[in-house]
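K.L.:
Here's a structure for you.
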Amino acid sequence: MNTRANINLEPAGFEEENENEISLFEVFHTLWFRRRLLLTVALFIIAVGLIMLHQKPLRYTATSSILIGLKKAQIVDIEAVVSGITAGNYTAIAGEIQVLESRGLARKVVEKLDLVSLPEFNPSLRPPGLSSYLNPIQYIPDSWKPSVEPQTEQSAATLDEQTEQSLQDYVSDAWKLALGATPEAKKVLTEEEQEERHIGTATSIFRSKLKISQTKSYSSVVKISFESLDPALAARIANEVPERYIIGQLEAKLEATEKATTWLNDQLAELKIKVEDSEQAVQLYREQYDITETQGGEIVIEQLSAINSQLIIARAERAQADARLSQMRKLTSGSGSGVESASEVLSSPLIQGLQTQEAELARTVSEYSSVYGARHPKMIQVKAEIADVRKRIKLEINKIVAGLKNEVDVARIRERSLDASLNEFKQASGEQNRESVQLRSLEREAAANRALFETFLSRFKETSSTGGLQQEADARVISKAVVPGSPSYPNKQRATILIIAGAFFFAAMLVFLLQAISSGIMSPEQVENQLGIPAIGLIPRTPKGVKPQDYILEKPGSSYAESLNSLRTSLILSGPDEAVKTIQVTSSVPEEGKSTLAISFARLLAQSGKKVILVDTDLRRASVEIKLGLSTKSKGLTDLVMATDNDVSEYVIKDEKSKLLIMPKGGAEYVNASDVFSSHRMQSIIAFLRKNFDYVIFDTPPVMAVSDARILGRLVDKTVFVVHWDKTPKKVVKAALKQLITYDVDIAGCVLQQVNLKRYGSYGYGDSGYYYHYGKYGQYYSS
């Protein structure tokens, strides 16, 4: 069976799409394959994690709640003095949360509860920790220490506080000494400065354990949580923080009220003097100009206002009359057409009657004109009547125009009269106002001073009567903290679950990483899917200390022997039409076990009664002779090639342990292997051996090392390609196969050599993994 057409020669590396497909079954077997590593790593991580978890100190969290921004009735209005927080003022609530988190409030609680005396808040009271070993001073000579250590007893305490600045100072001084420089003199702290440093450190630790949060967004209820190693202390602090906050509010309001009262008192004294001075100035001015408190000024103002209103009306009436007169004159000038449309003409009953009479006479003229002539007496009479009516109409219009002219004249006279009266009143008012302007100015100043004085006096009485305080603060405690019964950290149940899950996840990732790093071929399925050639053999690894070529003779019923029998069957089936007699055994690189396989396979065939010869064609390295303990100087293939006949009896060695004949590489030196295998003499020798032996096994050099296997592969029936199980990289195997295919070598298939059946069976590679499971396999052959 020719397999050349089935081999995948894609330049991208012989990969097919199913190579990248990973099923859950493969994932499971990958983990099962490396279960020992998985369990070892996972258990180690779990053990370390649980040890660290149990070494962590227990922390307890207590929580209290306060309501910020109370709605309450104000007894007196002192809002300008004390500004309270109302419910719903979320900006103010956010500010109060900042106050609760402030360093000032934290310091008050620290001092109130004397937290500096507790090791939890004062690192100098704790036993030496890891930081003590980081002190570079203890590693320098004693003679240097006076120039580095501060000359006070607080040096050790300063380091024990584990403050970053102190550690930096020590390291800096050590480096300066190492470089030959003189460190700067350190400042000696007084007892007050030491106490201040301890309080500052305790305050910082306190703030790191305090958590302030709103129960809900835009809520007025604020939760105060505190975490401590002591559950009772955690509850005590969680209750003390809101108490300190409320007391601070009241103190701040009291302080603000006291300041406001003092300021109002000072302002009242000044305002009282100003009021007295301004009122006295008003009285002196009245006495000087003999001005009494009358309403004359207001009467003059009212009269001026009335005349001014009348003047405006008169001017409007005069303008209206003037406009009507102008319109009538415009209509009566010229031909006089359109005067009938004037409003004065239309509103005159007399003119309307004359116009009606004129219309009736015109209708009579029209009737007579159809009966009589123009000179008929009746026609002349009617026309005379029409002319008389029109004359009377014109006379009435002239009377209307004259009436309008009289109205305009009267309006102008009235307007001039009112204008003169207005000027007289203005002159009189000006004389009176000149005397009272200064008086009014003085009166306004006095009234303003008195109003301001009365306002300040009223506010002063309010603040004094209430003492500057509202009935209650802007916040109150709605839920006191209770002593927690269980620790909040660490949550051992959840932490244990996370440690176990994380340990197995990390171990699984390590397994998959090792699996991904592994580039070898591990199953017949991988051979067929990734190399494109059939897998014709799976040769197991022999026990340690036993040579495989001897093990085949000592244990003919072993799994090793049966795998070689399976290889024999595969070779027979690969050429059903023609017997496969000449077989080349090669590999991609050295140390893959091809020579061992060739010897073992040849011995197996010889033991079965077949006439077999093993030819060592590795002219550079005599692998067969070395493995069988033969002399490398014996006559062999190269000597036969140079001989003139085909008598091989003097060029072969009989295997003492089997019926196998072995042809060494020969003693001829300085021969070119490529020339030897390409010669007609070599073709003649192979034909002779094929005719006189049942099987001819050629052990050839690796494909990637030299070209011998590519040349010889064209002269033999089949080529067996050997791959070291889980070792030889796939890229190297694919490159070697590509070279063989390029030379048109007939490859029977691939043999996986030195297979660890225990690992192979535990992984379960494809369908073949179940058959080769080491347990079942061992039981089968042991029986």
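Lettering and numbering for the structure tokens are positional, with chains as A, B, ... in the shown order, residues counted from 1 in each chain, and ligands counted from 1 in the shown order.
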Excluding same-chain residues fewer than 6 positions from Glu240 (chain A), what lies within 9 Å of it counting only C-alpha atoms, as a PyMOL selection string?
P.N.:
chain A and resi 109+112-113
K.L.:
Tell me which protein, DNA and RNA residues are within 9 Å of region 492-497 of chain A, counting only C-alpha atoms, leaving out same-chain ones fewer than 6 positions away, and put them as a ChimeraX atom specification.
P.N.:
/A:46,49-50,53-54
K.L.:
Region 592-604 of chain A: which residues within 8 Å, counting only C-alpha atoms, same-chain residues fewer than 4 positions away excluded, as a ChimeraX atom specification?
P.N.:
/A:548-550,552-553,561,564-565,585-587,608,612-614,623-624,627,658-660,697-699,722-724,728,753-754
K.L.:
Fewer than 4 positions away in the same chain doesn't count, so skip those; otherwise give me all residues within 12 Å of Gln381 (chain A), counting only C-alpha atoms, as a list in words.
P.N.:
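That gives Leu361, Thr364, Val365, Tyr368, Ala374, Arg375, His376, Pro377, Glu385, Ile386, Ala387 and Asp388 of chain A.
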K.L.:
Figure out the distance between CA of Ala579 (chain A) and CA of Asn692 (chain A), please, to one decimal in Å.
P.N.:
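Here the two named atoms are 13.7 Å from each other.
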K.L.:
Tell me, as an mmCIF file with N, CA and C atoms, in the first residue's frame, which residues lie within 6 Å of region 616-619 of chain A, counting only C-alpha atoms; anything in the same chain fewer than 2 positions away does not count.
P.N.:
```cif
data_model
loop_
_atom_site.group_PDB
_atom_site.id
_atom_site.type_symbol
_atom_site.label_atom_id
_atom_site.label_comp_id
_atom_site.auth_asym_id
_atom_site.auth_seq_id
_atom_site.Cartn_x
_atom_site.Cartn_y
_atom_site.Cartn_z
ATOM 1 N N ARG A 621 28.801 5.948 11.584
ATOM 2 C CA ARG A 621 28.726 5.504 12.975
ATOM 3 C C ARG A 621 28.228 4.057 12.986
ATOM 4 N N PRO A 664 28.129 -5.926 8.743
ATOM 5 C CA PRO A 664 28.608 -4.650 9.276
ATOM 6 C C PRO A 664 28.813 -3.631 8.164
ATOM 7 N N LYS A 665 29.190 -2.449 8.586
ATOM 8 C CA LYS A 665 29.386 -1.385 7.590
ATOM 9 C C LYS A 665 30.629 -1.632 6.749
ATOM 10 N N ASP A 699 19.677 -0.558 8.445
ATOM 11 C CA ASP A 699 19.747 0.485 9.485
ATOM 12 C C ASP A 699 20.486 1.675 8.903
ATOM 13 N N THR A 700 19.739 2.734 8.578
ATOM 14 C CA THR A 700 20.318 3.890 7.888
ATOM 15 C C THR A 700 20.479 5.075 8.836
ATOM 16 N N PRO A 701 21.313 6.052 8.460
ATOM 17 C CA PRO A 701 21.510 7.237 9.310
ATOM 18 C C PRO A 701 20.242 8.095 9.353
#
```
K.L.:
Taking only C-alpha atoms into account, name the residue in A:Arg197, A:Phe505, A:Lys383, A:Ser678 that is nearest to Ser369 (chain A).
P.N.:
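The shortest atom-to-atom distance to Ser369 (chain A) comes from A:Lys383.
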K.L.:
DSSP on the backbone, then: every residue of region 448-613 of chain A marked helix (DSSP H, G or I), written as JSON, numbers by chain.
P.N.:
{"A": [448, 449, 450, 451, 452, 453, 454, 455, 456, 457, 458, 459, 460, 461, 462, 463, 464, 465, 466, 492, 493, 494, 495, 496, 497, 498, 499, 500, 501, 502, 503, 504, 505, 506, 507, 508, 509, 510, 511, 512, 513, 514, 515, 516, 517, 524, 525, 526, 527, 528, 529, 530, 531, 548, 549, 550, 551, 552, 553, 554, 559, 560, 561, 562, 563, 564, 565, 566, 567, 568, 569, 570, 571, 572, 573, 574, 594, 595, 596, 597, 598, 599, 600, 601, 602, 603, 604, 605, 606, 607]}
K.L.:
May I ask for the distance between CA of Asp746 (chain A) and CA of Val706 (chain A), given in Å to one decimal place?
P.N.:
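Computing the Euclidean distance for CA of Asp746 (chain A) and CA of Val706 (chain A) yields 18.2 Å.
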K.L.:
If I take CA of Lys581 (chain A) and CA of Ile741 (chain A), how far is one from the other in Å, to one decimal?
P.N.:
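Answer for the CA of Lys581 (chain A) to CA of Ile741 (chain A) separation: 20.7 Å.
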K.L.:
Residues of region 438-556 of chain A within 12 Å of region 213-220 of chain A: nearest atom pair and distance (Å, one decimal) for each, counting only C-alpha atoms, sorted by chain and number, as CSV?
P.N.:
```
residue,atom,partner,partner_atom,distance
A:Asp474,CA,A:Ser220,CA,11.1
A:Ala475,CA,A:Ser220,CA,9.6
A:Arg476,CA,A:Ser220,CA,11.1
A:Val477,CA,A:Ser220,CA,11.9
A:Ile478,CA,A:Ser220,CA,11.4
```
K.L.:
From the list A:Leu628, A:Ala362, A:Thr257, A:Lys391, which residue is nearest Met379 (chain A) when using only C-alpha atoms?
P.N.:
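Nearest to Met379 (chain A): A:Ala362.
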K.L.:
So that I can check the surroundings of Gly520 (chain A), please list as JSON, numbers by chain every protein, DNA and RNA residue that reaches within 8 Å of it, counting only C-alpha atoms and ignoring chain neighbours fewer than 6 positions away.
P.N.:
{"A": [725, 726, 727, 728, 729, 730]}
K.L.:
List every residue of region 419-628 of chain A that DSSP, applied to the backbone of this structure, places in strand (DSSP E or B), and write the result as a list in words.
P.N.:
Ala475, Arg476, Val477, Ile478, Ser479, Tyr489, Ala535, Ile536, Gly537, Leu538, Ile539, Pro540, Thr582, Ile583, Gln584, Val585, Thr586, Ser587, Val612, Ile613, Leu614, Val615 and Asp616 of chain A
K.L.:
Could those residues be written to a file, using N, CA and C atoms, as a CSV table (one decimal), in the first residue's frame?
P.N.:
```csv
chain,number,residue,atom,x,y,z
A,475,ALA,N,-27.6,66.1,64.3
A,475,ALA,CA,-27.5,64.6,64.1
A,475,ALA,C,-27.8,63.9,65.4
A,476,ARG,N,-28.2,62.7,65.3
A,476,ARG,CA,-28.4,61.9,66.5
A,476,ARG,C,-28.2,60.4,66.1
A,477,VAL,N,-27.8,59.7,67.1
A,477,VAL,CA,-27.5,58.2,67.0
A,477,VAL,C,-28.8,57.5,66.9
A,478,ILE,N,-29.0,56.7,65.8
A,478,ILE,CA,-30.2,55.9,65.7
A,478,ILE,C,-29.9,54.4,65.9
A,479,SER,N,-28.7,54.0,65.9
A,479,SER,CA,-28.3,52.6,66.1
A,479,SER,C,-26.9,52.5,66.8
A,489,TYR,N,-13.0,39.4,59.5
A,489,TYR,CA,-11.9,39.1,58.6
A,489,TYR,C,-10.9,38.3,59.4
A,535,ALA,N,0.3,5.2,11.6
A,535,ALA,CA,1.1,4.7,12.7
A,535,ALA,C,1.0,3.2,12.6
A,536,ILE,N,2.2,2.6,12.3
A,536,ILE,CA,2.2,1.1,12.2
A,536,ILE,C,2.8,0.4,13.4
A,537,GLY,N,3.2,1.1,14.4
A,537,GLY,CA,3.8,0.5,15.5
A,537,GLY,C,3.9,1.4,16.7
A,538,LEU,N,3.7,0.8,17.9
A,538,LEU,CA,3.9,1.5,19.2
A,538,LEU,C,4.7,0.6,20.1
A,539,ILE,N,6.0,0.9,20.1
A,539,ILE,CA,7.0,0.1,20.8
A,539,ILE,C,7.2,0.5,22.2
A,540,PRO,N,6.9,-0.3,23.2
A,540,PRO,CA,7.0,0.1,24.6
A,540,PRO,C,8.5,0.2,25.1
A,582,THR,N,12.6,-5.9,1.5
A,582,THR,CA,13.7,-5.0,1.8
A,582,THR,C,13.1,-3.8,2.6
A,583,ILE,N,13.6,-3.6,3.8
A,583,ILE,CA,13.0,-2.6,4.7
A,583,ILE,C,14.1,-1.7,5.2
A,584,GLN,N,13.9,-0.4,5.1
A,584,GLN,CA,14.8,0.6,5.6
A,584,GLN,C,14.2,1.2,6.9
A,585,VAL,N,15.1,1.2,8.0
A,585,VAL,CA,14.7,1.8,9.3
A,585,VAL,C,15.5,3.0,9.5
A,586,THR,N,14.8,4.2,9.6
A,586,THR,CA,15.5,5.5,9.7
A,586,THR,C,14.7,6.3,10.7
A,587,SER,N,15.2,7.5,11.0
A,587,SER,CA,14.6,8.5,11.9
A,587,SER,C,15.0,9.9,11.4
A,612,VAL,N,16.8,-13.9,7.6
A,612,VAL,CA,16.9,-12.5,7.8
A,612,VAL,C,18.3,-12.0,7.8
A,613,ILE,N,18.6,-10.9,7.2
A,613,ILE,CA,19.9,-10.3,7.3
A,613,ILE,C,19.8,-8.8,7.6
A,614,LEU,N,20.6,-8.3,8.6
A,614,LEU,CA,20.6,-6.9,9.0
A,614,LEU,C,21.8,-6.3,8.5
A,615,VAL,N,21.6,-5.2,7.7
A,615,VAL,CA,22.7,-4.5,7.0
A,615,VAL,C,22.9,-3.2,7.7
A,616,ASP,N,24.1,-2.9,8.2
A,616,ASP,CA,24.4,-1.6,8.8
A,616,ASP,C,24.8,-0.7,7.7
```
